[in-house]
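I have placed the structure first, in the form of C-alpha cells, so that the comments after it can refer back to it.
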Amino acid sequence: MIAVRLGQWRPALRAAAHSAEQRVQMGMLNAVLSTSYWWAAIAFVELGHLEPAEAVAYLRAEAD
C-alpha cells in the first residue's frame, strides 16, 4: 500500500477500510481480507491508537 510506504497513516487506514469493505461485498472472507486487517493495525499503531490496533490484530488472528 503506497500510503503506508509514504507514512500517510490516515489515508492508509481509510484505504484498508475501503479494501476490506469491497472484499466483504464481493464475498471474499478469506486470507485476502486479512491483508486489510494487517495494514489497518499498522496505521492504528502509527497514529498512536494502540487499543484499536490490538483489536484489529485479534480479529485477524481469529480469522486464520
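For the C-alpha cells, the naming scheme is as follows: chains receive sequential letters (A, B, ...) according to their order of presentation, residues are indexed from 1 within each chain, and ligands are indexed from 1 in presentation order.
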
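Every protein, DNA or RNA residue with an atom at most 10 Å from Ala53 (chain A), where only C-alpha atoms count and chain neighbours fewer than 4 positions away do not, is listed here: Tyr37, Trp38, Trp39, Ala40, Ala41, Ile42, Ala43, Phe44, Val45, Glu46, Leu47, Gly48, His49, Ala57, Tyr58 and Leu59 of chain A.
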
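The two atoms in question, CA of Arg14 (chain A) and CA of Ile2 (chain A), are spaced 12.4 Å apart.
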
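Going from CA of Val24 (chain A) to CA of Glu51 (chain A) covers 23.6 Å.
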
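Atom pair CA of Pro52 (chain A) / CA of Met26 (chain A): separated by 25.1 Å.
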